[in-house]
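What follows is a set of notes on a single structure, which appears directly below.
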Amino acid sequence: MADEDNSKKLWGGRFSADLSAEALDFTQSIPADSPMVAEDIWGSQAHAIMLAKTQIISEEDLREILYWLEHARSEYEAGRLQLQSELEDVHMNVEVLVRQGAGPEIGGRLHTARSRNDQVVTDARLHLRGRLLDIQELLAALQEVLLERAEQHTETVMPGYTHTQHAQPISAGFWLTGYASMLQRDQQRVAAAYHRTNQCPLGAAALAGTSFPIDRNLTAQLLGFDGVIEHALDAVGSRDFVAEALSALAILATNLSRLAEELVLFSTYEYGMIEIPDAYASGSSIMPQKKNPCIAELTRARTGAVIGRLMQILTMLKGLPSGYNRDLQEDKPPLWEALDTVEGILHVFIPMMQQLTLNTERMAQLAAANFAAATELANFLVRERGLPFRTCHEIVGGLVAKLISEGKTLDDYQRVAQLLAEQGQQLSSEEVAEIVNPSACLHRHVSQGSTNPEQVAAIIDTLKAAVVDTKRQLTAARSQIKQARHHTDDIIQHILAGNPLSECDV
Ligand code: ARG
């Protein structure tokens, strides 16, 4: 039954005039709320069941309310539920559907012992938790790709850089696992944000809790939360979980942006160490020869937007007095945007990294060039000749300066041996060749976590085990949510079939 007038002004009693069109347009949150329709309905279902279980509403009223909530849900799932901006937000939209269906006498009972303040933050947490699991899953898939690629390249030499200058030879597997290792901490940060997010604020009501004997643990359990956020004022007024999620996303995006930057650099003609797969590069409309790393460039740029969304939230929060403030409505657009952006980056990075060509010949050429093995030559003199490292650093430094002035490199083994002899260090040119060989340099490294192929293989094993662990946690978290949804559904079906709540597993 329609109750148009009353239904459109749920808080109308105190007001003598309708909200002006401009004010409504300014304040409504329909676009920000639209990802949370299913969540709002589920939250209302859990709340209604709890109200009946605690005998705050009757079972007959519960049946009617659940019937119309299920109706709203199937309309939404069929794509027929259009949120109306005149109703301000998703909560009013869903409640009005129930009030129109069940009538004001019964439908009007749904909002007992609840406020939009605890509703909105419940919906946001329900939605965010699923999105964080999606991010973790994509992140695990990217880690897997990096580790699989790395496995094939523990012996592939390439130059390692400091200050973007040739430093020492490393393996391509070492380079790739560097990112997989970095992303493991991102996994942990997103997982931590998930655990802080998956706590139930419902039942905090407007700010102070309620004088009805509600059961907050029951609603939390029906919604698949890990627990409740006890303090009511904190529960409705705090958004640090949003800041934490955004912070995890901003750091993750920053790490991906560093990889993006290296893809841009390494795919230039000058480096020539990698080639971006054709399907993930763009051409130029004027220069026929161009192949541009646009995905990497856009990732770099969009990372700026994700960081901006974190700053936006922190700035919004820092001046707020306790309790709900309407400012908090502005938490969702930046959160959804950052989630979409990071998800988009991960989606495209997974296949792009899988199909990335490593130009191993060019890598080997660069690894041997530009004195990248100089440290190993100094280390040899320390180890084999018992000299202090500083002395060897001096000897090799002088040698490099001399070679540069002669237009020669460390590959000029004979000249290197000659110059070393002038410093009182007799070495055959074969010995020099072995010392400066980039592949031999990798193998000579012995320290934990070094570029030695065995060390890299060990790191790959450790990280693969961590990914397996993440996936196990993801499966457990998803099944907890799914089971909670099924449990709520079972109760709904049982009640709609005319059975008493006492015969339900509530
Ligand atoms: N649209 C609001 C938000 O997103 C819902 C809560 C509104 N509460 C209120 N008292 N006006 O935060």
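Residues are referred to by chain and number: the chain letter is A, B, ... according to the order shown in the structure tokens, the number counts from 1 in that chain, and ligands are numbered separately from 1 in the order shown.
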*Where in stretch 148-299 of chain A does DSSP assign strand (DSSP E), given as a ChimeraX atom specification?*
/A:157-162,165-171,199-200,227-228,274-275
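For A:Ala205, the non-local neighbours within 12 Å, defined as residues at least 5 positions apart in the same chain or in other chains and counting only C-alpha atoms, are His47, His111, Thr112, Ala113, Arg114, Ser115, Arg116, Asn117, Asp118, Gln119, Val120, Val121, Thr122, Cys200, Thr210, Ser211, Phe212, Ile214, Arg216, Glu230, His231, Ala232, Leu233, Asp234, Ala235, Val236, Gly237, Gly323 and Tyr324 of chain A.
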Dump of N, CA and C atoms for the selected residues, as an mmCIF file, in the first residue's frame:
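Contents of selection08.cif, as written:
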data_model
loop_
_atom_site.group_PDB
_atom_site.id
_atom_site.type_symbol
_atom_site.label_atom_id
_atom_site.label_comp_id
_atom_site.auth_asym_id
_atom_site.auth_seq_id
_atom_site.Cartn_x
_atom_site.Cartn_y
_atom_site.Cartn_z
ATOM 1 N N HIS A 47 18.646 -6.889 11.314
ATOM 2 C CA HIS A 47 18.100 -6.045 12.389
ATOM 3 C C HIS A 47 16.670 -6.477 12.737
ATOM 4 N N HIS A 111 12.489 0.577 11.856
ATOM 5 C CA HIS A 111 13.556 1.506 12.268
ATOM 6 C C HIS A 111 13.674 1.633 13.798
ATOM 7 N N THR A 112 12.973 0.764 14.531
ATOM 8 C CA THR A 112 13.099 0.777 15.990
ATOM 9 C C THR A 112 14.533 0.439 16.385
ATOM 10 N N ALA A 113 15.078 1.181 17.322
ATOM 11 C CA ALA A 113 16.404 0.891 17.900
ATOM 12 C C ALA A 113 17.512 0.937 16.870
ATOM 13 N N ARG A 114 17.330 1.769 15.859
ATOM 14 C CA ARG A 114 18.411 1.913 14.881
ATOM 15 C C ARG A 114 18.360 3.329 14.336
ATOM 16 N N SER A 115 19.458 3.748 13.747
ATOM 17 C CA SER A 115 19.567 5.089 13.181
ATOM 18 C C SER A 115 20.270 4.949 11.845
ATOM 19 N N ARG A 116 20.098 5.946 10.995
ATOM 20 C CA ARG A 116 20.871 5.886 9.759
ATOM 21 C C ARG A 116 22.370 6.001 10.059
ATOM 22 N N ASN A 117 22.666 6.533 11.233
ATOM 23 C CA ASN A 117 24.091 6.678 11.572
ATOM 24 C C ASN A 117 24.785 5.327 11.731
ATOM 25 N N ASP A 118 24.102 4.392 12.412
ATOM 26 C CA ASP A 118 24.738 3.069 12.512
ATOM 27 C C ASP A 118 24.488 2.253 11.247
ATOM 28 N N GLN A 119 23.391 2.548 10.551
ATOM 29 C CA GLN A 119 23.123 1.825 9.300
ATOM 30 C C GLN A 119 24.189 2.094 8.246
ATOM 31 N N VAL A 120 24.502 3.378 8.066
ATOM 32 C CA VAL A 120 25.397 3.717 6.947
ATOM 33 C C VAL A 120 26.784 3.127 7.151
ATOM 34 N N VAL A 121 27.253 3.156 8.376
ATOM 35 C CA VAL A 121 28.610 2.660 8.607
ATOM 36 C C VAL A 121 28.626 1.126 8.591
ATOM 37 N N THR A 122 27.482 0.516 8.907
ATOM 38 C CA THR A 122 27.375 -0.949 8.754
ATOM 39 C C THR A 122 27.441 -1.320 7.273
ATOM 40 N N CYS A 200 31.165 -5.076 13.678
ATOM 41 C CA CYS A 200 29.805 -4.566 13.477
ATOM 42 C C CYS A 200 29.438 -3.359 14.347
ATOM 43 N N THR A 210 20.751 2.301 22.728
ATOM 44 C CA THR A 210 19.291 2.400 22.732
ATOM 45 C C THR A 210 18.719 1.869 24.038
ATOM 46 N N SER A 211 17.502 2.322 24.349
ATOM 47 C CA SER A 211 16.846 1.842 25.561
ATOM 48 C C SER A 211 16.055 0.553 25.300
ATOM 49 N N PHE A 212 16.119 0.045 24.040
ATOM 50 C CA PHE A 212 15.514 -1.271 23.761
ATOM 51 C C PHE A 212 16.547 -2.364 24.047
ATOM 52 N N ILE A 214 18.217 -4.709 22.758
ATOM 53 C CA ILE A 214 18.678 -5.353 21.520
ATOM 54 C C ILE A 214 19.809 -6.349 21.800
ATOM 55 N N ARG A 216 23.176 -7.156 20.130
ATOM 56 C CA ARG A 216 24.129 -6.730 19.090
ATOM 57 C C ARG A 216 24.951 -7.892 18.542
ATOM 58 N N GLU A 230 32.091 -2.185 20.223
ATOM 59 C CA GLU A 230 31.232 -2.005 21.380
ATOM 60 C C GLU A 230 30.796 -0.563 21.600
ATOM 61 N N HIS A 231 31.746 0.338 21.647
ATOM 62 C CA HIS A 231 31.431 1.703 22.061
ATOM 63 C C HIS A 231 30.575 2.405 20.998
ATOM 64 N N ALA A 232 29.338 2.714 21.379
ATOM 65 C CA ALA A 232 28.366 3.213 20.404
ATOM 66 C C ALA A 232 28.798 4.532 19.769
ATOM 67 N N LEU A 233 29.293 5.448 20.581
ATOM 68 C CA LEU A 233 29.679 6.767 20.067
ATOM 69 C C LEU A 233 30.842 6.629 19.087
ATOM 70 N N ASP A 234 31.785 5.769 19.442
ATOM 71 C CA ASP A 234 32.930 5.501 18.571
ATOM 72 C C ASP A 234 32.467 4.811 17.287
ATOM 73 N N ALA A 235 31.551 3.854 17.440
ATOM 74 C CA ALA A 235 31.108 3.046 16.294
ATOM 75 C C ALA A 235 30.495 3.915 15.194
ATOM 76 N N VAL A 236 29.684 4.894 15.572
ATOM 77 C CA VAL A 236 29.021 5.712 14.548
ATOM 78 C C VAL A 236 29.862 6.896 14.091
ATOM 79 N N GLY A 237 30.784 7.334 14.926
ATOM 80 C CA GLY A 237 31.492 8.572 14.614
ATOM 81 C C GLY A 237 32.877 8.380 14.025
ATOM 82 N N GLY A 323 31.048 11.625 17.546
ATOM 83 C CA GLY A 323 29.693 11.324 17.098
ATOM 84 C C GLY A 323 29.578 11.467 15.595
ATOM 85 N N TYR A 324 28.377 11.174 15.089
ATOM 86 C CA TYR A 324 28.159 11.274 13.646
ATOM 87 C C TYR A 324 28.095 12.730 13.231
#
*Near-ligand residues for ligand 1, threshold 12 Å, only C-alpha atoms and all ligand atoms, as a ChimeraX atom specification*: /A:10-11,24,26-34,36,40,85,87-93,114-124,205-207,236-239,323-333
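You can rank A:His127, A:Arg109, A:His153, A:Arg185 by their closest distance to A:Asn452 using only C-alpha atoms, and at the top of that list sits A:His153.
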*Pull the helix (DSSP H, G or I) assignments for stretch 124-289 of chain A out of DSSP run on the backbone, and list those residues as a PyMOL selection string.*
chain A and resi 124-151+172-197+216-222+232-237+240-266+278-280
